[in-house]
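Asker: Here's a structure for you.
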Protein chains: 2
Amino acid sequence: MARRLASLGVAAESAGHAVGAMVQTSLRGVDSHGINLFPHYCRAVTAGRINARPALSLERTSPSTAVLHADHAFGHHSGAVAMDAAIALAADAGTGCVAVRDSTHFGAAAYFGLRAPASGCLGFAFTNADSLVKAHNAKVAFFGTNPICFTAPLEREEPLCLDMATSRVAWNKVRERRQSGAALVPGWAFDQDGRPTEDAAQARTLAPIGAYKGFGLGMMVEVLCALLAGGPAATELLPMYTSPIAARRRISHFFVALDISRFAPVAQFKARLQAVVDSVRRLPGEAGQPVMVPGDPEKQCFERRSVEGIPVSPEVLAQLHELDPDFDRAVMP
Amino acid sequence: MARRLASLGVAAESAGHAVGAMVQTSLRGVDSHGINLFPHYCRAVTAGRINARPALSLERTSPSTAVLHADHAFGHHSGAVAMDAAIALAADAGTGCVAVRDSTHFGAAAYFGLRAPASGCLGFAFTNADSLVKAHNAKVAFFGTNPICFTAPLEREEPLCLDMATSRVAWNKVRERRQSGAALVPGWAFDQDGRPTEDAAQARTLAPIGAYKGFGLGMMVEVLCALLAGGPAATELLPMYTSPIAARRRISHFFVALDISRFAPVAQFKARLQAVVDSVRRLPGEAGQPVMVPGDPEKQCFERRSVEGIPVSPEVLAQLHELDPDFDRAVMP
């Protein structure tokens, strides 16, 4: 992947974050946001939607805030720069909040959120996204799947990580089933008239979690992203797949780091949160169900796939081979 | 209500916030968190759970952070002091984050969140609460209904306000139906063995929104509150109604104010968000359903009840008359 991006003229820092994020995301089992998107990103670089050699510009606007002008960089790159800036602001001022404007699709929010805990910070990552979630009581979509990612350090394991769309599922999961022909789970999606559908081909909008609550959380994320950064909001945002691949989408993100040590000794915080996590995992479970905390399935998948590799569908593998005939041999010389 | 609290020895600032919050909350239609709780609060003051004359102490820990030691004050009081401190920190440092320890039940989070927009800030308010939400895949509860409140200023009307439990409903709504004998809506609650129930008397735990997602959001709120403030977390927290009324609960809250002007001109932000809100309200609706943004039902109720008054059930009115025979005549002399 890095070799291919280099051949497309992508700057090393952009390529490093894009590849690092996609591989981490696929290892964590989030196939909808990992290397399956690599062919799309390559097309977006070639067409100019993603700027291969961006000039990022960070503007500090107060002791705890900054705005990053992303110059249409890979979202994986601009997001990492912004989160690292938020962590630096938090070290200095207690909190760091960084709005990112003129960015592109950033993949999974966890890649950014997971940068904070090693610095003794809580992390938050948000992005706006295509208008796809049916507005509460409306027939049509307004806000996107606008995800919320929250991270916190633990004492004896990788950080706690919640990374969730404010819809019941991410649009890329509907897309996966459209490609595979599988039916949707009832309650996931609606057709063009706002009626529930289990046919992935007919799905036009997604259900928010908790009816008006998920709709409201999606609106909160839109405010933190598009309204603070001054980018296109909701239906103003060009869709990822159905707009011209050369069109620049001007996605907005928002990142927060909070210095735990300003509230409690970090070691004590980590030990207490570890005890909370351990207690949840020991709760009596429903028949046959393990009780887990957010991020546990991804941690288990990361361990497994780090040994066994990342499964890739024949369709995606064919696309990858079009990009580079040696694609799947490159990492196993 | 103020007269009764004064007769119980409650300090004027505590009484002002408690009464102000309860009346605002009931006017907004959130009966589960408004004046219906007044008899409970009076018992809690008399028994010593709520400290009638607290010595609040604010400790600034960085340019953007502080911890408020609430000394078991009315949560309405400590929350307002903490949110106002967060707003002051944001004016100075761009962001203000205030953790509150050793507090009591604070009613509706909106009372605090709604203090931020007039100062050109986004507002966030969080609290932990009784362990009542069934952990994902478990038979029993772990975290509380741990609400999230988010506010933002609008150009031509009162602020946008999302105030939501991370459970499908607040426990006080189950309690209301237990008192009235009405059935629960399917999917709201579970019995002592973790099985779905529509019988309010059998309900022991609540469903989170969006399965593991609402459970994860509740955990995020617990981390922001109990873990940062160093208070009891989840099942460590004494229940509101079934623990001895004299027992001090040491509830934790967390408040954030974010200075919009560090990201965008406030007038431009307000105009853009107003346009977003107006666009949502104009979307084609499902048959007979108005399309609204979070807080719209509460705004409509506030207008109506400000004219017509707050309806009170015969049961609550009897309790209020026990506290003061002239209760409902006091405000209509």
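Starting from 1 in every chain, residues are counted up; chains themselves are A, B, ... following the order of the structure tokens, and ligands are numbered from 1 as listed.
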Need to verify the contact set: Thr205 in chain A, 6 Å, only C-alpha atoms, exclusion of same-chain residues closer than 5 positions in sequence. Can you return it as a PyMOL selection string?
Answerer: chain A and resi 132-134+141+189-190
Asker: Go ahead and write the residues just picked, N, CA and C atoms, as a CSV table (one decimal), in the first residue's frame.
Answerer:
```csv
chain,number,residue,atom,x,y,z
A,132,LEU,N,-27.0,10.7,5.7
A,132,LEU,CA,-27.5,9.3,5.5
A,132,LEU,C,-28.4,8.8,6.5
A,133,VAL,N,-28.5,9.6,7.7
A,133,VAL,CA,-29.3,9.1,8.8
A,133,VAL,C,-30.7,9.8,8.7
A,134,LYS,N,-31.7,9.0,8.7
A,134,LYS,CA,-33.1,9.5,8.6
A,134,LYS,C,-33.3,10.5,9.8
A,141,ALA,N,-33.0,11.6,4.9
A,141,ALA,CA,-31.8,11.8,5.7
A,141,ALA,C,-31.5,13.3,5.9
A,189,ALA,N,-32.3,0.1,8.2
A,189,ALA,CA,-32.3,1.1,7.1
A,189,ALA,C,-33.7,1.3,6.6
A,190,PHE,N,-33.9,2.4,5.8
A,190,PHE,CA,-35.2,2.8,5.2
A,190,PHE,C,-35.0,3.0,3.7
```
Asker: Do a neighbour search on Lys299 in chain A at 12 Å with only C-alpha atoms, toss out local chain neighbours closer than 5 positions, and write the hits as JSON, numbers by chain.
Answerer: {"A": [24, 25, 26, 27, 28, 29, 30, 110, 157, 158, 159, 160, 161, 162, 292, 293, 294, 304, 305, 306]}
Asker: Counting only C-alpha atoms, a student should be able to say which residues of chain B come within 7 Å of chain A; what is the right answer, written as a ChimeraX atom specification?
Answerer: /B:61-65,67,93-95,136-139,150,162,164,168,209-210,213,216,220,227-229,262-264,269,283-286,289-291,294
Asker: Kindly give the distance, in Å, that separates CA of Thr104 in chain B and CA of Ala118 in chain B, rounded to a single decimal.
Answerer: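 The value is 26.0 Å.
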Asker: Which polymer residues have any atom within 12 Å of an atom of Lys173 in chain A, counting only C-alpha atoms, with same-chain residues fewer than 6 positions away left out, as a VMD selection string?
Answerer: chain A and resid 30 to 33 36 145 165 167 179 to 185 188 to 189 200 203 206
Asker: For the atom pair CA of Ala201 in chain A and CA of Arg178 in chain A, what is the interatomic distance in Å to one decimal place?
Answerer: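 Computing the Euclidean distance for CA of Ala201 in chain A and CA of Arg178 in chain A yields 5.8 Å.
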Asker: Can you tell me, as JSON, numbers by chain, what residues are no more than 12 Å from Val316 in chain B when counting only C-alpha atoms, ignoring any on the same chain fewer than 2 positions away?
Answerer: {"B": [31, 32, 34, 35, 36, 37, 38, 39, 40, 176, 179, 180, 311, 312, 313, 314, 318, 319, 320, 321, 322, 323, 327, 328]}
Asker: Only N, CA and C atoms, please: the residues just picked out, written as a CSV table (one decimal), in the first residue's frame.
Answerer:
```
chain,number,residue,atom,x,y,z
B,31,ASP,N,-41.4,16.3,33.7
B,31,ASP,CA,-42.0,16.2,35.0
B,31,ASP,C,-41.2,15.2,35.9
B,32,SER,N,-40.5,14.3,35.3
B,32,SER,CA,-39.7,13.3,36.1
B,32,SER,C,-38.6,13.9,36.8
B,34,GLY,N,-38.6,17.5,37.7
B,34,GLY,CA,-39.0,18.8,38.1
B,34,GLY,C,-39.5,18.8,39.5
B,35,ILE,N,-40.6,19.6,39.7
B,35,ILE,CA,-41.1,19.8,41.1
B,35,ILE,C,-41.7,18.6,41.7
B,36,ASN,N,-41.9,17.5,40.9
B,36,ASN,CA,-42.4,16.3,41.5
B,36,ASN,C,-41.3,15.7,42.5
B,37,LEU,N,-40.1,16.1,42.3
B,37,LEU,CA,-39.0,15.6,43.2
B,37,LEU,C,-38.9,16.5,44.5
B,38,PHE,N,-39.7,17.6,44.6
B,38,PHE,CA,-39.5,18.5,45.7
B,38,PHE,C,-39.7,17.8,47.0
B,39,PRO,N,-40.7,17.0,47.2
B,39,PRO,CA,-40.9,16.3,48.5
B,39,PRO,C,-39.6,15.5,48.9
B,40,HIS,N,-39.1,14.7,47.8
B,40,HIS,CA,-37.9,13.9,48.1
B,40,HIS,C,-36.8,14.8,48.5
B,176,GLU,N,-42.8,6.8,37.6
B,176,GLU,CA,-44.1,7.4,37.3
B,176,GLU,C,-45.2,6.4,37.0
B,179,GLN,N,-46.3,4.3,39.9
B,179,GLN,CA,-47.3,5.0,40.7
B,179,GLN,C,-48.6,5.0,40.0
B,180,SER,N,-48.7,5.2,38.7
B,180,SER,CA,-49.9,5.4,38.0
B,180,SER,C,-50.5,4.0,37.6
B,311,PRO,N,-49.1,21.2,35.5
B,311,PRO,CA,-50.0,20.2,36.0
B,311,PRO,C,-49.3,19.3,37.1
B,312,VAL,N,-50.0,19.1,38.2
B,312,VAL,CA,-49.4,18.3,39.3
B,312,VAL,C,-50.5,17.2,39.6
B,313,SER,N,-50.0,16.0,39.8
B,313,SER,CA,-50.9,14.9,40.0
B,313,SER,C,-51.5,15.0,41.5
B,314,PRO,N,-52.7,14.4,41.7
B,314,PRO,CA,-53.2,14.5,43.1
B,314,PRO,C,-52.3,13.9,44.1
B,318,ALA,N,-50.8,16.2,47.2
B,318,ALA,CA,-51.0,15.8,48.6
B,318,ALA,C,-49.7,15.9,49.3
B,319,GLN,N,-48.6,15.4,48.7
B,319,GLN,CA,-47.3,15.5,49.4
B,319,GLN,C,-46.9,17.0,49.5
B,320,LEU,N,-47.2,17.8,48.5
B,320,LEU,CA,-46.8,19.2,48.6
B,320,LEU,C,-47.6,19.9,49.7
B,321,HIS,N,-48.9,19.5,49.9
B,321,HIS,CA,-49.7,20.1,50.9
B,321,HIS,C,-49.3,19.7,52.3
B,322,GLU,N,-48.7,18.5,52.4
B,322,GLU,CA,-48.2,18.1,53.7
B,322,GLU,C,-47.0,19.0,54.1
B,323,LEU,N,-46.2,19.4,53.1
B,323,LEU,CA,-45.1,20.3,53.3
B,323,LEU,C,-45.5,21.7,53.7
B,327,PHE,N,-49.4,25.5,49.7
B,327,PHE,CA,-48.5,25.3,48.6
B,327,PHE,C,-48.9,25.9,47.2
B,328,ASP,N,-50.1,25.4,46.8
B,328,ASP,CA,-50.5,25.8,45.4
B,328,ASP,C,-51.2,27.2,45.4
```
Asker: Would you please extract all alpha helix (DSSP H) residues from range 50-288 of chain A, as assigned by DSSP on the backbone, and give them as number ranges by chain?
Answerer: A: 75-93, 110-113, 171-180, 212-222, 228-229, 266-281
Asker: Would you kindly return, as a PyMOL selection string, each protein, DNA or RNA residue with an atom no farther than 6 Å from any atom of Leu68 in chain B, considering only C-alpha atoms and excluding same-chain residues fewer than 4 positions away?
Answerer: chain B and resi 57-58+100
Asker: Go ahead and write the selection's residues with N, CA and C atoms as a PDB file, in the first residue's frame.
Answerer:
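The result, stored in selection_22.pdb:
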```pdb
ATOM      1  N   SER B  57     -16.035  24.584  47.286  1.00  0.00           N
ATOM      2  CA  SER B  57     -14.643  24.991  47.133  1.00  0.00           C
ATOM      3  C   SER B  57     -14.170  24.639  45.719  1.00  0.00           C
ATOM      4  N   LEU B  58     -13.807  25.678  44.959  1.00  0.00           N
ATOM      5  CA  LEU B  58     -13.376  25.479  43.571  1.00  0.00           C
ATOM      6  C   LEU B  58     -11.857  25.540  43.502  1.00  0.00           C
ATOM      7  N   VAL B 100     -17.060  17.793  39.309  1.00  0.00           N
ATOM      8  CA  VAL B 100     -17.686  18.066  40.605  1.00  0.00           C
ATOM      9  C   VAL B 100     -17.707  16.788  41.424  1.00  0.00           C
TER      10      VAL B 100
END
```
Asker: Step one, run DSSP on the backbone; step two, keep only residues of range 63-142 of chain A assigned to strand (DSSP E); then write them as an NGL selection string.
Answerer: :A and (65-69 or 95-103 or 121-127)
Asker: For the selection just defined, write its residues with N, CA and C atoms to a file, as an mmCIF file, in the first residue's frame.
Answerer:
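Generated file (part24.cif):
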```cif
data_model
loop_
_atom_site.group_PDB
_atom_site.id
_atom_site.type_symbol
_atom_site.label_atom_id
_atom_site.label_comp_id
_atom_site.auth_asym_id
_atom_site.auth_seq_id
_atom_site.Cartn_x
_atom_site.Cartn_y
_atom_site.Cartn_z
ATOM 1 N N THR A 65 -7.167 25.781 22.360
ATOM 2 C CA THR A 65 -7.881 25.511 21.103
ATOM 3 C C THR A 65 -7.016 25.827 19.888
ATOM 4 N N ALA A 66 -7.328 25.139 18.783
ATOM 5 C CA ALA A 66 -6.638 25.395 17.520
ATOM 6 C C ALA A 66 -7.537 24.974 16.367
ATOM 7 N N VAL A 67 -7.234 25.514 15.196
ATOM 8 C CA VAL A 67 -7.911 25.109 13.963
ATOM 9 C C VAL A 67 -6.832 24.611 13.010
ATOM 10 N N LEU A 68 -7.055 23.421 12.456
ATOM 11 C CA LEU A 68 -6.130 22.875 11.462
ATOM 12 C C LEU A 68 -6.754 23.014 10.075
ATOM 13 N N HIS A 69 -6.065 23.736 9.186
ATOM 14 C CA HIS A 69 -6.481 23.843 7.791
ATOM 15 C C HIS A 69 -5.813 22.680 7.062
ATOM 16 N N THR A 95 -6.663 21.100 28.641
ATOM 17 C CA THR A 95 -7.565 20.585 27.605
ATOM 18 C C THR A 95 -7.020 21.000 26.255
ATOM 19 N N GLY A 96 -7.223 20.191 25.236
ATOM 20 C CA GLY A 96 -6.916 20.583 23.863
ATOM 21 C C GLY A 96 -8.087 20.255 22.965
ATOM 22 N N CYS A 97 -8.553 21.251 22.210
ATOM 23 C CA CYS A 97 -9.673 21.061 21.281
ATOM 24 C C CYS A 97 -9.224 21.563 19.919
ATOM 25 N N VAL A 98 -9.257 20.697 18.905
ATOM 26 C CA VAL A 98 -8.791 21.090 17.573
ATOM 27 C C VAL A 98 -9.864 20.782 16.534
ATOM 28 N N ALA A 99 -10.298 21.821 15.843
ATOM 29 C CA ALA A 99 -11.232 21.676 14.728
ATOM 30 C C ALA A 99 -10.425 21.557 13.446
ATOM 31 N N VAL A 100 -10.853 20.675 12.555
ATOM 32 C CA VAL A 100 -10.155 20.455 11.286
ATOM 33 C C VAL A 100 -11.095 20.817 10.146
ATOM 34 N N ARG A 101 -10.633 21.686 9.253
ATOM 35 C CA ARG A 101 -11.452 22.037 8.092
ATOM 36 C C ARG A 101 -10.774 21.574 6.809
ATOM 37 N N ASP A 102 -11.582 21.423 5.767
ATOM 38 C CA ASP A 102 -11.079 21.033 4.445
ATOM 39 C C ASP A 102 -10.309 19.725 4.494
ATOM 40 N N SER A 103 -10.880 18.720 5.150
ATOM 41 C CA SER A 103 -10.249 17.409 5.196
ATOM 42 C C SER A 103 -10.986 16.441 4.265
ATOM 43 N N CYS A 121 -4.030 11.132 28.602
ATOM 44 C CA CYS A 121 -5.216 11.919 28.253
ATOM 45 C C CYS A 121 -6.411 11.020 27.946
ATOM 46 N N LEU A 122 -7.607 11.535 28.236
ATOM 47 C CA LEU A 122 -8.797 11.032 27.585
ATOM 48 C C LEU A 122 -8.809 11.590 26.170
ATOM 49 N N GLY A 123 -9.293 10.812 25.216
ATOM 50 C CA GLY A 123 -9.370 11.272 23.832
ATOM 51 C C GLY A 123 -10.783 11.207 23.294
ATOM 52 N N PHE A 124 -11.112 12.167 22.438
ATOM 53 C CA PHE A 124 -12.394 12.184 21.721
ATOM 54 C C PHE A 124 -12.100 12.502 20.263
ATOM 55 N N ALA A 125 -12.768 11.804 19.358
ATOM 56 C CA ALA A 125 -12.643 12.103 17.932
ATOM 57 C C ALA A 125 -14.023 12.066 17.298
ATOM 58 N N PHE A 126 -14.281 13.031 16.441
ATOM 59 C CA PHE A 126 -15.577 13.164 15.776
ATOM 60 C C PHE A 126 -15.340 13.547 14.317
ATOM 61 N N THR A 127 -16.260 13.164 13.446
ATOM 62 C CA THR A 127 -16.224 13.668 12.073
ATOM 63 C C THR A 127 -17.643 13.789 11.558
#
```
Asker: May I have the residues within 12 Å of Asp324 in chain A as a PyMOL selection string, using only C-alpha atoms and disregarding those fewer than 5 positions away in the same chain?
Answerer: chain A and resi 1-5+7+38-39+42+317-319+329-330
Asker: Excluding range 75-84 of chain B and any residue of its chain fewer than 3 positions from it, enumerate the residues within 8 Å of it, using only C-alpha atoms, and give them as a VMD selection string.
Answerer: chain B and resid 13 to 15 17 to 18 21 56 68 70 72 87 to 88 98 to 100 103 to 107 111 to 113 115 to 116 253 255 to 257
